[in-house]
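**Student:** One file is attached below, data-v5.pdb, containing PDB, N, CA, C and O atoms.
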```pdb
ATOM      1  N   TYR A 145       0.855  -1.164   0.000
ATOM      2  CA  TYR A 145       0.000   0.000   0.000
ATOM      3  C   TYR A 145       0.901   1.225   0.000
ATOM      4  O   TYR A 145       1.890   1.263   0.711
ATOM      5  N   SER A 146       0.563   2.234  -0.747
ATOM      6  CA  SER A 146       1.402   3.422  -0.877
ATOM      7  C   SER A 146       0.589   4.676  -0.545
ATOM      8  O   SER A 146      -0.639   4.654  -0.540
ATOM      9  N   THR A 147       1.312   5.779  -0.308
ATOM     10  CA  THR A 147       0.598   7.022  -0.021
ATOM     11  C   THR A 147      -0.222   7.498  -1.228
ATOM     12  O   THR A 147      -1.332   8.010  -1.024
ATOM     13  N   PRO A 148       0.246   7.324  -2.476
ATOM     14  CA  PRO A 148      -0.644   7.686  -3.590
ATOM     15  C   PRO A 148      -1.932   6.860  -3.603
ATOM     16  O   PRO A 148      -3.007   7.384  -3.913
ATOM     17  N   LEU A 149      -1.836   5.596  -3.217
ATOM     18  CA  LEU A 149      -3.031   4.756  -3.169
ATOM     19  C   LEU A 149      -3.957   5.179  -2.028
ATOM     20  O   LEU A 149      -5.176   5.214  -2.184
ATOM     21  N   PHE A 150      -3.375   5.548  -0.881
ATOM     22  CA  PHE A 150      -4.190   6.098   0.212
ATOM     23  C   PHE A 150      -4.949   7.340  -0.282
ATOM     24  O   PHE A 150      -6.123   7.538   0.031
ATOM     25  N   ALA A 151      -4.255   8.192  -1.048
ATOM     26  CA  ALA A 151      -4.879   9.419  -1.559
ATOM     27  C   ALA A 151      -6.057   9.091  -2.476
ATOM     28  O   ALA A 151      -7.122   9.715  -2.370
ATOM     29  N   GLU A 152      -5.868   8.112  -3.351
ATOM     30  CA  GLU A 152      -6.963   7.731  -4.248
ATOM     31  C   GLU A 152      -8.140   7.162  -3.462
ATOM     32  O   GLU A 152      -9.295   7.409  -3.806
ATOM     33  N   ASP A 153      -7.858   6.414  -2.397
ATOM     34  CA  ASP A 153      -8.937   5.901  -1.538
ATOM     35  C   ASP A 153      -9.696   7.047  -0.879
ATOM     36  O   ASP A 153     -10.929   7.021  -0.794
ATOM     37  N   ALA A 154      -8.966   8.060  -0.412
ATOM     38  CA  ALA A 154      -9.623   9.207   0.226
ATOM     39  C   ALA A 154     -10.517   9.941  -0.771
ATOM     40  O   ALA A 154     -11.643  10.334  -0.437
ATOM     41  N   VAL A 155     -10.048  10.098  -1.992
ATOM     42  CA  VAL A 155     -10.854  10.751  -3.022
ATOM     43  C   VAL A 155     -12.082   9.898  -3.350
ATOM     44  O   VAL A 155     -13.173  10.429  -3.566
ATOM     45  N   ALA A 156     -11.923   8.579  -3.337
ATOM     46  CA  ALA A 156     -13.071   7.690  -3.577
ATOM     47  C   ALA A 156     -14.129   7.869  -2.486
ATOM     48  O   ALA A 156     -15.329   7.833  -2.771
ATOM     49  N   VAL A 157     -13.689   8.078  -1.246
ATOM     50  CA  VAL A 157     -14.638   8.322  -0.150
ATOM     51  C   VAL A 157     -15.368   9.644  -0.395
ATOM     52  O   VAL A 157     -16.593   9.728  -0.233
ATOM     53  N   LEU A 158     -14.632  10.678  -0.794
ATOM     54  CA  LEU A 158     -15.281  11.959  -1.109
ATOM     55  C   LEU A 158     -16.309  11.777  -2.220
ATOM     56  O   LEU A 158     -17.416  12.321  -2.143
ATOM     57  N   ASP A 159     -15.936  11.012  -3.250
ATOM     58  CA  ASP A 159     -16.870  10.746  -4.355
ATOM     59  C   ASP A 159     -18.132  10.066  -3.843
ATOM     60  O   ASP A 159     -19.249  10.460  -4.186
ATOM     61  N   GLU A 160     -17.957   9.048  -3.028
ATOM     62  CA  GLU A 160     -19.097   8.277  -2.509
ATOM     63  C   GLU A 160     -20.028   9.156  -1.675
ATOM     64  O   GLU A 160     -21.240   8.990  -1.697
ATOM     65  N   LEU A 161     -19.434  10.109  -0.951
ATOM     66  CA  LEU A 161     -20.227  11.002  -0.100
ATOM     67  C   LEU A 161     -20.776  12.211  -0.863
ATOM     68  O   LEU A 161     -21.523  13.012  -0.303
ATOM     69  N   GLY A 162     -20.362  12.370  -2.111
ATOM     70  CA  GLY A 162     -20.819  13.505  -2.902
ATOM     71  C   GLY A 162     -20.159  14.815  -2.526
ATOM     72  O   GLY A 162     -20.714  15.887  -2.755
ATOM     73  N   VAL A 163     -18.972  14.750  -1.959
ATOM     74  CA  VAL A 163     -18.228  15.946  -1.549
ATOM     75  C   VAL A 163     -17.331  16.373  -2.711
ATOM     76  O   VAL A 163     -16.432  15.641  -3.111
ATOM     77  N   GLU A 164     -17.600  17.559  -3.254
ATOM     78  CA  GLU A 164     -16.820  18.036  -4.398
ATOM     79  C   GLU A 164     -15.480  18.625  -3.990
ATOM     80  O   GLU A 164     -14.473  18.411  -4.656
ATOM     81  N   ARG A 165     -15.466  19.413  -2.888
ATOM     82  CA  ARG A 165     -14.241  20.040  -2.395
ATOM     83  C   ARG A 165     -14.186  19.866  -0.894
ATOM     84  O   ARG A 165     -15.207  19.901  -0.218
ATOM     85  N   ALA A 166     -12.965  19.715  -0.373
ATOM     86  CA  ALA A 166     -12.821  19.501   1.065
ATOM     87  C   ALA A 166     -11.570  20.196   1.578
ATOM     88  O   ALA A 166     -10.621  20.443   0.830
ATOM     89  N   ASP A 167     -11.588  20.508   2.863
ATOM     90  CA  ASP A 167     -10.380  20.939   3.552
ATOM     91  C   ASP A 167      -9.621  19.657   3.878
ATOM     92  O   ASP A 167     -10.177  18.739   4.491
ATOM     93  N   VAL A 168      -8.366  19.584   3.475
ATOM     94  CA  VAL A 168      -7.575  18.370   3.640
ATOM     95  C   VAL A 168      -6.461  18.643   4.637
ATOM     96  O   VAL A 168      -5.669  19.570   4.464
ATOM     97  N   TYR A 169      -6.416  17.841   5.698
ATOM     98  CA  TYR A 169      -5.395  17.968   6.736
ATOM     99  C   TYR A 169      -4.661  16.647   6.859
ATOM    100  O   TYR A 169      -5.286  15.585   6.862
ATOM    101  N   GLY A 170      -3.349  16.714   6.975
ATOM    102  CA  GLY A 170      -2.587  15.485   7.170
ATOM    103  C   GLY A 170      -1.378  15.710   8.051
ATOM    104  O   GLY A 170      -0.705  16.735   7.954
ATOM    105  N   THR A 171      -1.116  14.756   8.923
ATOM    106  CA  THR A 171       0.054  14.770   9.792
ATOM    107  C   THR A 171       0.907  13.551   9.479
ATOM    108  O   THR A 171       0.373  12.453   9.302
ATOM    109  N   SER A 172       2.208  13.741   9.427
ATOM    110  CA  SER A 172       3.159  12.670   9.190
ATOM    111  C   SER A 172       2.855  11.972   7.860
ATOM    112  O   SER A 172       2.786  12.629   6.829
ATOM    113  N   MET A 173       2.640  10.664   7.865
ATOM    114  CA  MET A 173       2.332   9.971   6.619
ATOM    115  C   MET A 173       1.021  10.477   6.022
ATOM    116  O   MET A 173       0.855  10.529   4.796
ATOM    117  N   GLY A 174       0.093  10.879   6.869
ATOM    118  CA  GLY A 174      -1.151  11.476   6.385
ATOM    119  C   GLY A 174      -0.886  12.771   5.629
ATOM    120  O   GLY A 174      -1.614  13.123   4.696
ATOM    121  N   GLY A 175       0.171  13.477   6.017
ATOM    122  CA  GLY A 175       0.568  14.681   5.298
ATOM    123  C   GLY A 175       1.061  14.358   3.901
ATOM    124  O   GLY A 175       0.790  15.089   2.947
ATOM    125  N   ARG A 176       1.793  13.256   3.784
ATOM    126  CA  ARG A 176       2.235  12.821   2.456
ATOM    127  C   ARG A 176       1.032  12.435   1.608
ATOM    128  O   ARG A 176       0.957  12.763   0.425
ATOM    129  N   THR A 177       0.080  11.764   2.216
ATOM    130  CA  THR A 177      -1.144  11.393   1.507
ATOM    131  C   THR A 177      -1.903  12.646   1.073
ATOM    132  O   THR A 177      -2.369  12.740  -0.065
ATOM    133  N   ALA A 178      -2.007  13.612   1.965
ATOM    134  CA  ALA A 178      -2.702  14.859   1.650
ATOM    135  C   ALA A 178      -2.024  15.587   0.486
ATOM    136  O   ALA A 178      -2.705  16.169  -0.377
ATOM    137  N   GLN A 179      -0.699  15.533   0.444
ATOM    138  CA  GLN A 179       0.022  16.165  -0.664
ATOM    139  C   GLN A 179      -0.318  15.491  -1.992
ATOM    140  O   GLN A 179      -0.479  16.162  -3.013
ATOM    141  N   TRP A 180      -0.451  14.162  -1.984
ATOM    142  CA  TRP A 180      -0.841  13.456  -3.202
ATOM    143  C   TRP A 180      -2.243  13.842  -3.643
ATOM    144  O   TRP A 180      -2.513  13.985  -4.834
ATOM    145  N   ILE A 181      -3.149  14.008  -2.683
ATOM    146  CA  ILE A 181      -4.503  14.450  -3.037
ATOM    147  C   ILE A 181      -4.425  15.809  -3.724
ATOM    148  O   ILE A 181      -5.042  16.025  -4.774
ATOM    149  N   ALA A 182      -3.654  16.722  -3.150
ATOM    150  CA  ALA A 182      -3.553  18.071  -3.700
ATOM    151  C   ALA A 182      -2.902  18.080  -5.086
ATOM    152  O   ALA A 182      -3.317  18.840  -5.963
ATOM    153  N   VAL A 183      -1.920  17.221  -5.291
ATOM    154  CA  VAL A 183      -1.226  17.178  -6.587
ATOM    155  C   VAL A 183      -2.087  16.529  -7.662
ATOM    156  O   VAL A 183      -2.188  17.031  -8.784
ATOM    157  N   ARG A 184      -2.726  15.439  -7.312
ATOM    158  CA  ARG A 184      -3.496  14.682  -8.312
ATOM    159  C   ARG A 184      -4.923  15.196  -8.507
ATOM    160  O   ARG A 184      -5.520  14.972  -9.553
ATOM    161  N   HIS A 185      -5.460  15.849  -7.482
ATOM    162  CA  HIS A 185      -6.850  16.320  -7.537
ATOM    163  C   HIS A 185      -6.961  17.740  -6.970
ATOM    164  O   HIS A 185      -7.706  17.972  -6.014
ATOM    165  N   PRO A 186      -6.239  18.703  -7.532
ATOM    166  CA  PRO A 186      -6.214  20.048  -6.937
ATOM    167  C   PRO A 186      -7.585  20.718  -6.849
ATOM    168  O   PRO A 186      -7.834  21.486  -5.915
ATOM    169  N   ALA A 187      -8.471  20.413  -7.762
ATOM    170  CA  ALA A 187      -9.806  21.023  -7.721
ATOM    171  C   ALA A 187     -10.631  20.506  -6.557
ATOM    172  O   ALA A 187     -11.631  21.132  -6.185
ATOM    173  N   ARG A 188     -10.230  19.395  -5.969
ATOM    174  CA  ARG A 188     -10.978  18.813  -4.843
ATOM    175  C   ARG A 188     -10.565  19.411  -3.503
ATOM    176  O   ARG A 188     -11.210  19.183  -2.487
ATOM    177  N   VAL A 189      -9.449  20.150  -3.478
ATOM    178  CA  VAL A 189      -8.881  20.655  -2.217
ATOM    179  C   VAL A 189      -9.186  22.138  -2.065
ATOM    180  O   VAL A 189      -8.740  22.965  -2.852
ATOM    181  N   ARG A 190      -9.975  22.458  -1.036
ATOM    182  CA  ARG A 190     -10.270  23.864  -0.738
ATOM    183  C   ARG A 190      -9.099  24.469   0.039
ATOM    184  O   ARG A 190      -8.608  25.526  -0.270
ATOM    185  N   ARG A 191      -8.660  23.761   1.074
ATOM    186  CA  ARG A 191      -7.514  24.183   1.879
ATOM    187  C   ARG A 191      -6.665  22.952   2.172
ATOM    188  O   ARG A 191      -7.202  21.878   2.408
ATOM    189  N   LEU A 192      -5.351  23.134   2.190
ATOM    190  CA  LEU A 192      -4.424  22.055   2.495
ATOM    191  C   LEU A 192      -3.630  22.457   3.720
ATOM    192  O   LEU A 192      -2.975  23.503   3.728
ATOM    193  N   VAL A 193      -3.705  21.643   4.771
ATOM    194  CA  VAL A 193      -2.975  21.908   6.008
ATOM    195  C   VAL A 193      -2.074  20.707   6.266
ATOM    196  O   VAL A 193      -2.546  19.567   6.336
ATOM    197  N   LEU A 194      -0.780  20.960   6.394
ATOM    198  CA  LEU A 194       0.195  19.888   6.600
ATOM    199  C   LEU A 194       0.882  20.074   7.941
ATOM    200  O   LEU A 194       1.300  21.173   8.283
ATOM    201  N   GLY A 195       1.006  19.000   8.696
ATOM    202  CA  GLY A 195       1.677  19.041   9.984
ATOM    203  C   GLY A 195       2.705  17.935  10.108
ATOM    204  O   GLY A 195       2.418  16.787   9.783
ATOM    205  N   CYS A 196       3.900  18.292  10.525
ATOM    206  CA  CYS A 196       4.946  17.303  10.818
ATOM    207  C   CYS A 196       5.125  16.317   9.664
ATOM    208  O   CYS A 196       5.058  15.107   9.857
ATOM    209  N   THR A 197       5.343  16.809   8.466
ATOM    210  CA  THR A 197       5.422  15.930   7.305
ATOM    211  C   THR A 197       6.498  16.422   6.357
ATOM    212  O   THR A 197       7.093  17.478   6.559
ATOM    213  N   SER A 198       6.738  15.645   5.339
ATOM    214  CA  SER A 198       7.656  16.014   4.263
ATOM    215  C   SER A 198       7.131  15.365   2.986
ATOM    216  O   SER A 198       6.220  14.540   3.043
ATOM    217  N   PRO A 199       7.720  15.702   1.847
ATOM    218  CA  PRO A 199       7.248  15.072   0.623
ATOM    219  C   PRO A 199       7.690  13.620   0.484
ATOM    220  O   PRO A 199       7.201  12.893  -0.363
ATOM    221  N   GLY A 200       8.618  13.189   1.314
ATOM    222  CA  GLY A 200       9.103  11.816   1.221
ATOM    223  C   GLY A 200      10.072  11.642   0.067
ATOM    224  O   GLY A 200      10.461  12.595  -0.600
ATOM    225  N   GLY A 201      10.472  10.416  -0.162
ATOM    226  CA  GLY A 201      11.374  10.104  -1.257
ATOM    227  C   GLY A 201      12.683  10.869  -1.167
ATOM    228  O   GLY A 201      13.184  11.151  -0.079
ATOM    229  N   PRO A 202      13.237  11.235  -2.308
ATOM    230  CA  PRO A 202      14.537  11.915  -2.308
ATOM    231  C   PRO A 202      14.484  13.324  -1.725
ATOM    232  O   PRO A 202      15.505  13.908  -1.413
ATOM    233  N   HIS A 203      13.277  13.866  -1.550
ATOM    234  CA  HIS A 203      13.135  15.215  -1.000
ATOM    235  C   HIS A 203      12.811  15.210   0.495
ATOM    236  O   HIS A 203      12.597  16.269   1.080
ATOM    237  N   ALA A 204      12.780  14.054   1.093
ATOM    238  CA  ALA A 204      12.468  13.954   2.518
ATOM    239  C   ALA A 204      13.593  14.558   3.354
ATOM    240  O   ALA A 204      14.749  14.549   2.952
ATOM    241  N   VAL A 205      13.230  15.066   4.496
ATOM    242  CA  VAL A 205      14.202  15.576   5.455
ATOM    243  C   VAL A 205      14.174  14.639   6.649
ATOM    244  O   VAL A 205      13.158  14.547   7.348
ATOM    245  N   GLU A 206      15.264  13.932   6.843
ATOM    246  CA  GLU A 206      15.328  12.959   7.934
ATOM    247  C   GLU A 206      15.494  13.661   9.277
ATOM    248  O   GLU A 206      16.118  14.719   9.369
ATOM    249  N   ARG A 207      14.940  13.036  10.313
ATOM    250  CA  ARG A 207      15.115  13.554  11.672
ATOM    251  C   ARG A 207      16.565  13.358  12.103
ATOM    252  O   ARG A 207      17.193  12.365  11.759
ATOM    253  N   THR A 208      17.042  14.294  12.907
ATOM    254  CA  THR A 208      18.387  14.137  13.468
ATOM    255  C   THR A 208      18.341  13.091  14.575
ATOM    256  O   THR A 208      17.263  12.752  15.100
ATOM    257  N   MET A 209      19.497  12.592  14.967
ATOM    258  CA  MET A 209      19.551  11.617  16.060
ATOM    259  C   MET A 209      19.020  12.223  17.357
ATOM    260  O   MET A 209      18.372  11.538  18.140
ATOM    261  N   ALA A 210      19.268  13.503  17.583
ATOM    262  CA  ALA A 210      18.763  14.149  18.799
ATOM    263  C   ALA A 210      17.234  14.127  18.815
ATOM    264  O   ALA A 210      16.623  13.852  19.857
ATOM    265  N   VAL A 211      16.625  14.392  17.697
ATOM    266  CA  VAL A 211      15.162  14.367  17.618
ATOM    267  C   VAL A 211      14.660  12.937  17.803
ATOM    268  O   VAL A 211      13.696  12.697  18.535
ATOM    269  N   ARG A 212      15.310  11.972  17.178
ATOM    270  CA  ARG A 212      14.895  10.568  17.331
ATOM    271  C   ARG A 212      14.968  10.133  18.797
ATOM    272  O   ARG A 212      14.064   9.484  19.303
ATOM    273  N   ARG A 213      16.062  10.518  19.482
ATOM    274  CA  ARG A 213      16.198  10.145  20.899
ATOM    275  C   ARG A 213      15.093  10.806  21.741
ATOM    276  O   ARG A 213      14.520  10.191  22.621
ATOM    277  N   SER A 214      14.833  12.082  21.441
ATOM    278  CA  SER A 214      13.791  12.806  22.175
ATOM    279  C   SER A 214      12.423  12.153  21.993
ATOM    280  O   SER A 214      11.666  11.994  22.963
ATOM    281  N   LEU A 215      12.102  11.758  20.774
ATOM    282  CA  LEU A 215      10.813  11.121  20.517
ATOM    283  C   LEU A 215      10.721   9.733  21.152
ATOM    284  O   LEU A 215       9.640   9.292  21.532
ATOM    285  N   ALA A 216      11.843   9.049  21.256
ATOM    286  CA  ALA A 216      11.848   7.703  21.816
ATOM    287  C   ALA A 216      11.815   7.702  23.344
ATOM    288  O   ALA A 216      11.449   6.704  23.959
ATOM    289  N   GLY A 217      12.204   8.828  23.954
ATOM    290  CA  GLY A 217      12.265   8.897  25.411
ATOM    291  C   GLY A 217      10.921   9.192  26.035
ATOM    292  O   GLY A 217       9.952   9.512  25.362
ATOM    293  N   PRO A 218      10.853   9.123  27.357
ATOM    294  CA  PRO A 218       9.606   9.410  28.069
ATOM    295  C   PRO A 218       9.262  10.900  28.009
ATOM    296  O   PRO A 218      10.140  11.738  27.890
ATOM    297  N   ASP A 219       7.992  11.195  28.088
ATOM    298  CA  ASP A 219       7.522  12.573  28.121
ATOM    299  C   ASP A 219       7.624  13.042  29.586
ATOM    300  O   ASP A 219       6.859  12.586  30.432
ATOM    301  N   ARG A 220       8.517  13.940  29.861
ATOM    302  CA  ARG A 220       8.763  14.385  31.245
ATOM    303  C   ARG A 220       7.644  15.254  31.800
ATOM    304  O   ARG A 220       7.550  15.447  32.993
ATOM    305  N   ASP A 221       6.792  15.792  30.926
ATOM    306  CA  ASP A 221       5.678  16.610  31.409
ATOM    307  C   ASP A 221       4.560  15.719  31.865
ATOM    308  O   ASP A 221       3.687  16.028  32.558
TER     309      ASP A 221
END
```
Could you render the structure as structure tokens?

**Tutor:**
Amino acid sequence: YSTPLFAEDAVAVLDELGVERADVYGTSMGGRTAQWIAVRHPARVRRLVLGCTSPGGPHAVERTMAVRRSLAGPDRD
């Protein structure tokens, strides 16, 4: 399963519901999926909101080791 396929599934849900345009929000991998929706179906996207994501592939920005350690550790708050 790929993010472009997730995007096509999301558009199929919009079609089934009769939604012509939608606000699309995605975080992390959902952000990559949201980007595919916007690229392949721009007329379907009213607003695009991306959080904590990247385009993936050769344009992805990898987390630093410090960030990876921080995410893997306990939340002190």

**Student:** Would you translate the PyMOL selection byres ((chain A and resi 183-194) around 8) into the concrete set of residues it matches in this file, as a short mmCIF file (atom, residue, chain, number, x, y, z; two decimals) with N, CA, C and O atoms, in the frame of the given file?

**Tutor:**
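Result went into expr-v4.cif, see below:
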```cif
data_model
loop_
_atom_site.label_atom_id
_atom_site.label_comp_id
_atom_site.auth_asym_id
_atom_site.auth_seq_id
_atom_site.Cartn_x
_atom_site.Cartn_y
_atom_site.Cartn_z
N VAL A 163 -18.97 14.75 -1.96
CA VAL A 163 -18.23 15.95 -1.55
C VAL A 163 -17.33 16.37 -2.71
O VAL A 163 -16.43 15.64 -3.11
N GLU A 164 -17.60 17.56 -3.25
CA GLU A 164 -16.82 18.04 -4.40
C GLU A 164 -15.48 18.62 -3.99
O GLU A 164 -14.47 18.41 -4.66
N ARG A 165 -15.47 19.41 -2.89
CA ARG A 165 -14.24 20.04 -2.40
C ARG A 165 -14.19 19.87 -0.89
O ARG A 165 -15.21 19.90 -0.22
N ALA A 166 -12.96 19.72 -0.37
CA ALA A 166 -12.82 19.50 1.06
C ALA A 166 -11.57 20.20 1.58
O ALA A 166 -10.62 20.44 0.83
N ASP A 167 -11.59 20.51 2.86
CA ASP A 167 -10.38 20.94 3.55
C ASP A 167 -9.62 19.66 3.88
O ASP A 167 -10.18 18.74 4.49
N VAL A 168 -8.37 19.58 3.48
CA VAL A 168 -7.58 18.37 3.64
C VAL A 168 -6.46 18.64 4.64
O VAL A 168 -5.67 19.57 4.46
N TYR A 169 -6.42 17.84 5.70
CA TYR A 169 -5.40 17.97 6.74
C TYR A 169 -4.66 16.65 6.86
O TYR A 169 -5.29 15.58 6.86
N GLY A 170 -3.35 16.71 6.98
CA GLY A 170 -2.59 15.48 7.17
C GLY A 170 -1.38 15.71 8.05
O GLY A 170 -0.70 16.74 7.95
N THR A 171 -1.12 14.76 8.92
CA THR A 171 0.05 14.77 9.79
C THR A 171 0.91 13.55 9.48
O THR A 171 0.37 12.45 9.30
N SER A 172 2.21 13.74 9.43
CA SER A 172 3.16 12.67 9.19
C SER A 172 2.86 11.97 7.86
O SER A 172 2.79 12.63 6.83
N GLY A 174 0.09 10.88 6.87
CA GLY A 174 -1.15 11.48 6.38
C GLY A 174 -0.89 12.77 5.63
O GLY A 174 -1.61 13.12 4.70
N GLY A 175 0.17 13.48 6.02
CA GLY A 175 0.57 14.68 5.30
C GLY A 175 1.06 14.36 3.90
O GLY A 175 0.79 15.09 2.95
N ARG A 176 1.79 13.26 3.78
CA ARG A 176 2.24 12.82 2.46
C ARG A 176 1.03 12.44 1.61
O ARG A 176 0.96 12.76 0.42
N THR A 177 0.08 11.76 2.22
CA THR A 177 -1.14 11.39 1.51
C THR A 177 -1.90 12.65 1.07
O THR A 177 -2.37 12.74 -0.06
N ALA A 178 -2.01 13.61 1.96
CA ALA A 178 -2.70 14.86 1.65
C ALA A 178 -2.02 15.59 0.49
O ALA A 178 -2.70 16.17 -0.38
N GLN A 179 -0.70 15.53 0.44
CA GLN A 179 0.02 16.16 -0.66
C GLN A 179 -0.32 15.49 -1.99
O GLN A 179 -0.48 16.16 -3.01
N TRP A 180 -0.45 14.16 -1.98
CA TRP A 180 -0.84 13.46 -3.20
C TRP A 180 -2.24 13.84 -3.64
O TRP A 180 -2.51 13.98 -4.83
N ILE A 181 -3.15 14.01 -2.68
CA ILE A 181 -4.50 14.45 -3.04
C ILE A 181 -4.42 15.81 -3.72
O ILE A 181 -5.04 16.02 -4.77
N ALA A 182 -3.65 16.72 -3.15
CA ALA A 182 -3.55 18.07 -3.70
C ALA A 182 -2.90 18.08 -5.09
O ALA A 182 -3.32 18.84 -5.96
N GLY A 195 1.01 19.00 8.70
CA GLY A 195 1.68 19.04 9.98
C GLY A 195 2.70 17.93 10.11
O GLY A 195 2.42 16.79 9.78
N CYS A 196 3.90 18.29 10.52
CA CYS A 196 4.95 17.30 10.82
C CYS A 196 5.12 16.32 9.66
O CYS A 196 5.06 15.11 9.86
N THR A 197 5.34 16.81 8.47
CA THR A 197 5.42 15.93 7.30
C THR A 197 6.50 16.42 6.36
O THR A 197 7.09 17.48 6.56
N SER A 198 6.74 15.64 5.34
CA SER A 198 7.66 16.01 4.26
C SER A 198 7.13 15.36 2.99
O SER A 198 6.22 14.54 3.04
#
```

**Student:** What does the distance between atom N of Gly162 (chain A) and atom O of Leu149 (chain A) come to in Å, to one decimal place?

**Tutor:**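 Computed distance, atom N of Gly162 (chain A) to atom O of Leu149 (chain A), equals 16.8 Å.
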
**Student:** Using Å and a single decimal, report how far CA of Leu215 (chain A) sits from CA of Tyr145 (chain A).

**Tutor:**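 So the answer is 25.7 Å.
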
**Student:** Got a sec to tell me which of chain A DSSP assigns to strand (DSSP E or B), as a list in words?

**Tutor:**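 The strand (DSSP E or B) subset of chain A is Ala166, Asp167, Val168, Tyr169, Gly170, Thr171, Val189, Arg190, Arg191, Leu192, Val193, Leu194 and Gly195 of chain A.
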
**Student:** Based on the selection just made, write N, CA, C and O atoms of those residues as an mmCIF file, keeping the file's coordinate frame.

**Tutor:**
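File produced: again-v6.cif:
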```cif
data_model
loop_
_atom_site.group_PDB
_atom_site.id
_atom_site.type_symbol
_atom_site.label_atom_id
_atom_site.label_comp_id
_atom_site.auth_asym_id
_atom_site.auth_seq_id
_atom_site.Cartn_x
_atom_site.Cartn_y
_atom_site.Cartn_z
ATOM 1 N N ALA A 166 -12.965 19.715 -0.373
ATOM 2 C CA ALA A 166 -12.821 19.501 1.065
ATOM 3 C C ALA A 166 -11.570 20.196 1.578
ATOM 4 O O ALA A 166 -10.621 20.443 0.830
ATOM 5 N N ASP A 167 -11.588 20.508 2.863
ATOM 6 C CA ASP A 167 -10.380 20.939 3.552
ATOM 7 C C ASP A 167 -9.621 19.657 3.878
ATOM 8 O O ASP A 167 -10.177 18.739 4.491
ATOM 9 N N VAL A 168 -8.366 19.584 3.475
ATOM 10 C CA VAL A 168 -7.575 18.370 3.640
ATOM 11 C C VAL A 168 -6.461 18.643 4.637
ATOM 12 O O VAL A 168 -5.669 19.570 4.464
ATOM 13 N N TYR A 169 -6.416 17.841 5.698
ATOM 14 C CA TYR A 169 -5.395 17.968 6.736
ATOM 15 C C TYR A 169 -4.661 16.647 6.859
ATOM 16 O O TYR A 169 -5.286 15.585 6.862
ATOM 17 N N GLY A 170 -3.349 16.714 6.975
ATOM 18 C CA GLY A 170 -2.587 15.485 7.170
ATOM 19 C C GLY A 170 -1.378 15.710 8.051
ATOM 20 O O GLY A 170 -0.705 16.735 7.954
ATOM 21 N N THR A 171 -1.116 14.756 8.923
ATOM 22 C CA THR A 171 0.054 14.770 9.792
ATOM 23 C C THR A 171 0.907 13.551 9.479
ATOM 24 O O THR A 171 0.373 12.453 9.302
ATOM 25 N N VAL A 189 -9.449 20.150 -3.478
ATOM 26 C CA VAL A 189 -8.881 20.655 -2.217
ATOM 27 C C VAL A 189 -9.186 22.138 -2.065
ATOM 28 O O VAL A 189 -8.740 22.965 -2.852
ATOM 29 N N ARG A 190 -9.975 22.458 -1.036
ATOM 30 C CA ARG A 190 -10.270 23.864 -0.738
ATOM 31 C C ARG A 190 -9.099 24.469 0.039
ATOM 32 O O ARG A 190 -8.608 25.526 -0.270
ATOM 33 N N ARG A 191 -8.660 23.761 1.074
ATOM 34 C CA ARG A 191 -7.514 24.183 1.879
ATOM 35 C C ARG A 191 -6.665 22.952 2.172
ATOM 36 O O ARG A 191 -7.202 21.878 2.408
ATOM 37 N N LEU A 192 -5.351 23.134 2.190
ATOM 38 C CA LEU A 192 -4.424 22.055 2.495
ATOM 39 C C LEU A 192 -3.630 22.457 3.720
ATOM 40 O O LEU A 192 -2.975 23.503 3.728
ATOM 41 N N VAL A 193 -3.705 21.643 4.771
ATOM 42 C CA VAL A 193 -2.975 21.908 6.008
ATOM 43 C C VAL A 193 -2.074 20.707 6.266
ATOM 44 O O VAL A 193 -2.546 19.567 6.336
ATOM 45 N N LEU A 194 -0.780 20.960 6.394
ATOM 46 C CA LEU A 194 0.195 19.888 6.600
ATOM 47 C C LEU A 194 0.882 20.074 7.941
ATOM 48 O O LEU A 194 1.300 21.173 8.283
ATOM 49 N N GLY A 195 1.006 19.000 8.696
ATOM 50 C CA GLY A 195 1.677 19.041 9.984
ATOM 51 C C GLY A 195 2.705 17.935 10.108
ATOM 52 O O GLY A 195 2.418 16.787 9.783
#
```

**Student:** Enumerate, as number ranges by chain, the complete set of residues in chain A that a backbone-based DSSP assignment places in helix (DSSP H, G or I).

**Tutor:** A: 147-161, 173-184, 186-188, 201-203, 209-216

**Student:** What is the distance between atom N of Pro218 (chain A) and atom C of His203 (chain A), in Å to one decimal?

**Tutor:**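 About the pair atom N of Pro218 (chain A) and atom C of His203 (chain A): they are 27.6 Å apart.
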
**Student:** Using 6 Å of padding on each side, determine the axis-aligned box around all atoms of region 170-177 of chain A present in the file and give its centre and edge lengths in Å to one decimal, as JSON.

**Tutor:**
```
{"center_x": -0.1, "center_y": 13.4, "center_z": 4.9, "size_x": 18.5, "size_y": 18.8, "size_z": 21.9}
```
